[in-house]
file target_2.cif (mmCIF, C-alpha atoms)
data_protein
loop_
_atom_site.group_PDB
_atom_site.id
_atom_site.type_symbol
_atom_site.label_atom_id
_atom_site.label_comp_id
_atom_site.auth_asym_id
_atom_site.auth_seq_id
_atom_site.Cartn_x
_atom_site.Cartn_y
_atom_site.Cartn_z
ATOM 1 C CA MET A 1 -53.502 57.568 109.299
ATOM 2 C CA HIS A 2 -56.076 54.901 108.534
ATOM 3 C CA TRP A 3 -59.551 56.230 107.690
ATOM 4 C CA THR A 4 -61.120 54.524 110.705
ATOM 5 C CA TRP A 5 -59.070 56.636 113.116
ATOM 6 C CA CYS A 6 -60.086 59.790 111.250
ATOM 7 C CA ALA A 7 -63.731 58.694 111.426
ATOM 8 C CA ILE A 8 -63.491 58.097 115.183
ATOM 9 C CA VAL A 9 -61.918 61.505 115.758
ATOM 10 C CA PHE A 10 -64.336 63.468 113.575
ATOM 11 C CA ALA A 11 -67.438 61.541 114.666
ATOM 12 C CA GLY A 12 -66.546 61.911 118.332
ATOM 13 C CA PRO A 13 -67.247 64.655 120.854
ATOM 14 C CA ILE A 14 -66.687 67.459 118.356
ATOM 15 C CA LEU A 15 -70.147 66.804 116.917
ATOM 16 C CA TRP A 16 -71.648 67.635 120.315
ATOM 17 C CA TRP A 17 -69.805 70.967 120.489
ATOM 18 C CA LEU A 18 -70.398 72.252 116.953
ATOM 19 C CA ASP A 19 -73.610 74.111 117.794
ATOM 20 C CA LYS A 20 -72.425 75.460 121.131
ATOM 21 C CA PRO A 21 -70.641 78.754 121.826
ATOM 22 C CA HIS A 22 -67.618 77.127 123.430
ATOM 23 C CA THR A 23 -63.942 77.217 122.623
ATOM 24 C CA GLU A 24 -63.771 73.469 122.017
ATOM 25 C CA PRO A 25 -64.550 73.555 118.250
ATOM 26 C CA PHE A 26 -61.875 76.232 117.802
ATOM 27 C CA THR A 27 -59.343 74.237 119.803
ATOM 28 C CA PHE A 28 -60.285 71.009 118.020
ATOM 29 C CA ALA A 29 -59.859 72.594 114.592
ATOM 30 C CA LEU A 30 -56.471 74.010 115.526
ATOM 31 C CA TYR A 31 -55.329 70.695 116.976
ATOM 32 C CA ALA A 32 -56.424 68.980 113.756
ATOM 33 C CA ILE A 33 -54.292 71.473 111.815
ATOM 34 C CA THR A 34 -51.430 71.065 114.286
ATOM 35 C CA PHE A 35 -51.177 67.316 113.934
ATOM 36 C CA ALA A 36 -52.022 67.176 110.231
ATOM 37 C CA LEU A 37 -49.161 69.552 109.369
ATOM 38 C CA PHE A 38 -46.595 68.344 111.886
ATOM 39 C CA ASP A 39 -44.616 66.182 109.445
ATOM 40 C CA ALA A 40 -44.948 68.333 106.318
ATOM 41 C CA ALA A 41 -44.731 71.833 107.824
ATOM 42 C CA PRO A 42 -43.866 71.837 111.533
ATOM 43 C CA TRP A 43 -43.636 75.652 111.543
ATOM 44 C CA TRP A 44 -47.372 75.937 110.769
ATOM 45 C CA SER A 45 -48.002 73.256 113.343
ATOM 46 C CA LEU A 46 -46.354 75.446 115.996
ATOM 47 C CA VAL A 47 -48.431 78.463 114.958
ATOM 48 C CA ALA A 48 -51.669 76.448 115.153
ATOM 49 C CA ALA A 49 -50.753 75.066 118.587
ATOM 50 C CA GLY A 50 -50.014 78.596 119.805
ATOM 51 C CA ALA A 51 -53.365 79.790 118.492
ATOM 52 C CA ALA A 52 -55.097 76.922 120.328
ATOM 53 C CA SER A 53 -53.538 78.084 123.571
ATOM 54 C CA THR A 54 -55.185 81.500 123.283
ATOM 55 C CA GLN A 55 -58.334 79.875 124.672
ATOM 56 C CA ASP A 56 -56.698 77.701 127.327
ATOM 57 C CA PRO A 57 -53.193 78.539 128.554
ATOM 58 C CA GLY A 58 -52.539 74.911 129.442
ATOM 59 C CA ASN A 59 -52.319 74.175 125.729
ATOM 60 C CA ALA A 60 -49.194 76.348 125.517
ATOM 61 C CA ALA A 61 -47.079 73.422 126.665
ATOM 62 C CA LEU A 62 -47.831 71.742 123.350
ATOM 63 C CA VAL A 63 -45.855 74.435 121.504
ATOM 64 C CA GLY A 64 -42.696 73.492 123.390
ATOM 65 C CA ILE A 65 -43.350 69.764 123.131
ATOM 66 C CA LEU A 66 -43.900 69.954 119.366
ATOM 67 C CA ALA A 67 -40.882 72.211 118.865
ATOM 68 C CA ALA A 68 -38.647 69.715 120.667
ATOM 69 C CA ALA A 69 -40.188 66.725 118.894
ATOM 70 C CA ALA A 70 -39.761 68.327 115.471
ATOM 71 C CA VAL A 71 -36.081 69.049 116.076
ATOM 72 C CA ALA A 72 -35.502 65.596 117.568
ATOM 73 C CA GLY A 73 -36.828 64.073 114.367
ATOM 74 C CA ARG A 74 -35.085 66.485 111.980
ATOM 75 C CA ALA A 75 -32.133 68.425 113.348
ATOM 76 C CA ALA A 76 -31.893 70.314 110.026
ATOM 77 C CA LEU A 77 -34.901 72.357 111.156
ATOM 78 C CA LEU A 78 -32.571 74.341 113.401
ATOM 79 C CA ARG A 79 -31.162 75.938 110.231
ATOM 80 C CA ASP A 80 -34.593 76.632 108.734
ATOM 81 C CA GLY A 81 -35.896 80.167 109.199
ATOM 82 C CA ARG A 82 -39.488 78.972 108.810
ATOM 83 C CA TYR A 83 -39.093 76.795 111.911
ATOM 84 C CA TRP A 84 -37.871 79.740 113.992
ATOM 85 C CA ALA A 85 -40.580 82.056 112.634
ATOM 86 C CA GLY A 86 -43.250 79.436 113.412
ATOM 87 C CA LEU A 87 -41.851 78.906 116.893
ATOM 88 C CA ALA A 88 -41.776 82.661 117.550
ATOM 89 C CA ALA A 89 -45.359 83.055 116.321
ATOM 90 C CA GLY A 90 -46.530 80.066 118.371
ATOM 91 C CA VAL A 91 -44.894 81.384 121.534
ATOM 92 C CA ALA A 92 -46.256 84.892 120.912
ATOM 93 C CA LEU A 93 -49.782 83.545 120.458
ATOM 94 C CA ALA A 94 -49.429 81.373 123.562
ATOM 95 C CA ALA A 95 -48.341 84.430 125.544
ATOM 96 C CA LEU A 96 -51.443 86.446 124.605
ATOM 97 C CA HIS A 97 -53.783 84.846 127.145
ATOM 98 C CA PRO A 98 -51.593 85.255 130.233
ATOM 99 C CA ALA A 99 -50.404 88.709 129.110
ATOM 100 C CA TYR A 100 -53.977 89.952 128.715
ATOM 101 C CA TYR A 101 -55.030 88.707 132.138
ATOM 102 C CA LEU A 102 -51.893 90.060 133.752
ATOM 103 C CA LEU A 103 -52.405 93.515 132.260
ATOM 104 C CA ARG A 104 -56.181 93.618 132.634
ATOM 105 C CA LEU A 105 -56.805 91.778 135.907
ATOM 106 C CA GLY A 106 -53.424 91.621 137.639
ATOM 107 C CA GLY A 107 -53.075 87.822 137.468
ATOM 108 C CA LEU A 108 -51.941 85.362 134.813
ATOM 109 C CA THR A 109 -55.311 83.653 134.518
ATOM 110 C CA ARG A 110 -58.689 83.503 136.192
ATOM 111 C CA LEU A 111 -58.446 79.731 136.074
ATOM 112 C CA ALA A 112 -55.908 79.739 138.901
ATOM 113 C CA SER A 113 -57.936 81.905 141.242
ATOM 114 C CA THR A 114 -60.745 80.865 143.531
ATOM 115 C CA GLY A 115 -62.202 84.319 143.501
ATOM 116 C CA SER A 116 -61.656 87.575 141.732
ATOM 117 C CA CYS A 117 -58.298 88.131 140.123
ATOM 118 C CA ILE A 118 -58.570 91.841 140.820
ATOM 119 C CA GLY A 119 -56.604 93.156 143.721
#

call {"tool": "encode", "arguments": {"input": "target_2.cif", "output": "structure tokens"}}
result
Amino acid sequence: MHWTWCAIVFAGPILWWLDKPHTEPFTFALYAITFALFDAAPWWSLVAAGAASTQDPGNAALVGILAAAAVAGRAALLRDGRYWAGLAAGVALAALHPAYYLLRLGGLTRLASTGSCIG
């Protein structure tokens, strides 16, 4: 990636969020790891994407998209245990958010409700 694209990404909105107690810096950092490692180590990319989805369950779709894209580019990954371990870890991390809300509040997420998820 050309340095100008990196400069645009790292000088963008993330600077606004760095001093705020939001999940955006966490998600941004994990997305940076996800896309930086996608070619060299797609298994770590899947783990990072799964970790990003712990804060927003909508990000879980990226685990599946990256898993399919990695295999489409290199079918040999299907025989690599690291790929399967990374995929399992990514899916497990992505499942944490909805599992917690289902067990604790009786619904998959509070984001989908207009009121209380209890009851």

call {"tool": "closest_atom_pairs", "arguments": {"input": "target_2.cif", "of": "stretch 51-81 of chain A", "to": "stretch 30-37 of chain A", "cutoff": "12 Å", "atoms": "all atoms listed in the file", "output": "CSV"}}
result
residue,atom,partner,partner_atom,distance
A:Ala51,CA,A:Leu30,CA,7.2
A:Ala52,CA,A:Leu30,CA,5.8
A:Ser53,CA,A:Leu30,CA,9.5
A:Thr54,CA,A:Leu30,CA,10.9
A:Gln55,CA,A:Leu30,CA,11.0
A:Asn59,CA,A:Tyr31,CA,9.9
A:Ala60,CA,A:Tyr31,CA,11.9
A:Leu62,CA,A:Thr34,CA,9.8
A:Val63,CA,A:Thr34,CA,9.7
A:Leu66,CA,A:Thr34,CA,9.2
A:Ala67,CA,A:Thr34,CA,11.6
A:Ala70,CA,A:Leu37,CA,11.3

call {"tool": "atom_distance", "arguments": {"input": "target_2.cif", "atom1": "atom CA of A:Ala69", "atom2": "atom CA of A:Ala92"}}
result
19.3 Å

call {"tool": "closest_residue", "arguments": {"input": "target_2.cif", "among": "A:Gly64, A:Gly73, A:Pro13, A:Gly58", "to": "A:Pro98", "atoms": "only C-alpha atoms"}}
result
A:Gly58

call {"tool": "resolve_selection", "arguments": {"input": "target_2.cif", "expression": "the PyMOL selection byres ((chain A and resi 71) around 12)", "output": "PDB file with C-alpha atoms, in the frame of the given file"}}
result
ATOM      1  CA  PHE A  38     -46.595  68.344 111.886  1.00  0.00           C
ATOM      2  CA  ASP A  39     -44.616  66.182 109.445  1.00  0.00           C
ATOM      3  CA  PRO A  42     -43.866  71.837 111.533  1.00  0.00           C
ATOM      4  CA  TRP A  43     -43.636  75.652 111.543  1.00  0.00           C
ATOM      5  CA  GLY A  64     -42.696  73.492 123.390  1.00  0.00           C
ATOM      6  CA  ILE A  65     -43.350  69.764 123.131  1.00  0.00           C
ATOM      7  CA  LEU A  66     -43.900  69.954 119.366  1.00  0.00           C
ATOM      8  CA  ALA A  67     -40.882  72.211 118.865  1.00  0.00           C
ATOM      9  CA  ALA A  68     -38.647  69.715 120.667  1.00  0.00           C
ATOM     10  CA  ALA A  69     -40.188  66.725 118.894  1.00  0.00           C
ATOM     11  CA  ALA A  70     -39.761  68.327 115.471  1.00  0.00           C
ATOM     12  CA  ALA A  72     -35.502  65.596 117.568  1.00  0.00           C
ATOM     13  CA  GLY A  73     -36.828  64.073 114.367  1.00  0.00           C
ATOM     14  CA  ARG A  74     -35.085  66.485 111.980  1.00  0.00           C
ATOM     15  CA  ALA A  75     -32.133  68.425 113.348  1.00  0.00           C
ATOM     16  CA  ALA A  76     -31.893  70.314 110.026  1.00  0.00           C
ATOM     17  CA  LEU A  77     -34.901  72.357 111.156  1.00  0.00           C
ATOM     18  CA  LEU A  78     -32.571  74.341 113.401  1.00  0.00           C
ATOM     19  CA  ARG A  79     -31.162  75.938 110.231  1.00  0.00           C
ATOM     20  CA  ASP A  80     -34.593  76.632 108.734  1.00  0.00           C
ATOM     21  CA  TYR A  83     -39.093  76.795 111.911  1.00  0.00           C
ATOM     22  CA  TRP A  84     -37.871  79.740 113.992  1.00  0.00           C
ATOM     23  CA  LEU A  87     -41.851  78.906 116.893  1.00  0.00           C
TER      24      LEU A  87
END

call {"tool": "atom_distance", "arguments": {"input": "target_2.cif", "atom1": "atom CA of A:Ala40", "atom2": "atom CA of A:Ala89"}}
result
17.8 Å

call {"tool": "atom_distance", "arguments": {"input": "target_2.cif", "atom1": "atom CA of A:Ala49", "atom2": "atom CA of A:Leu102"}}
result
21.4 Å
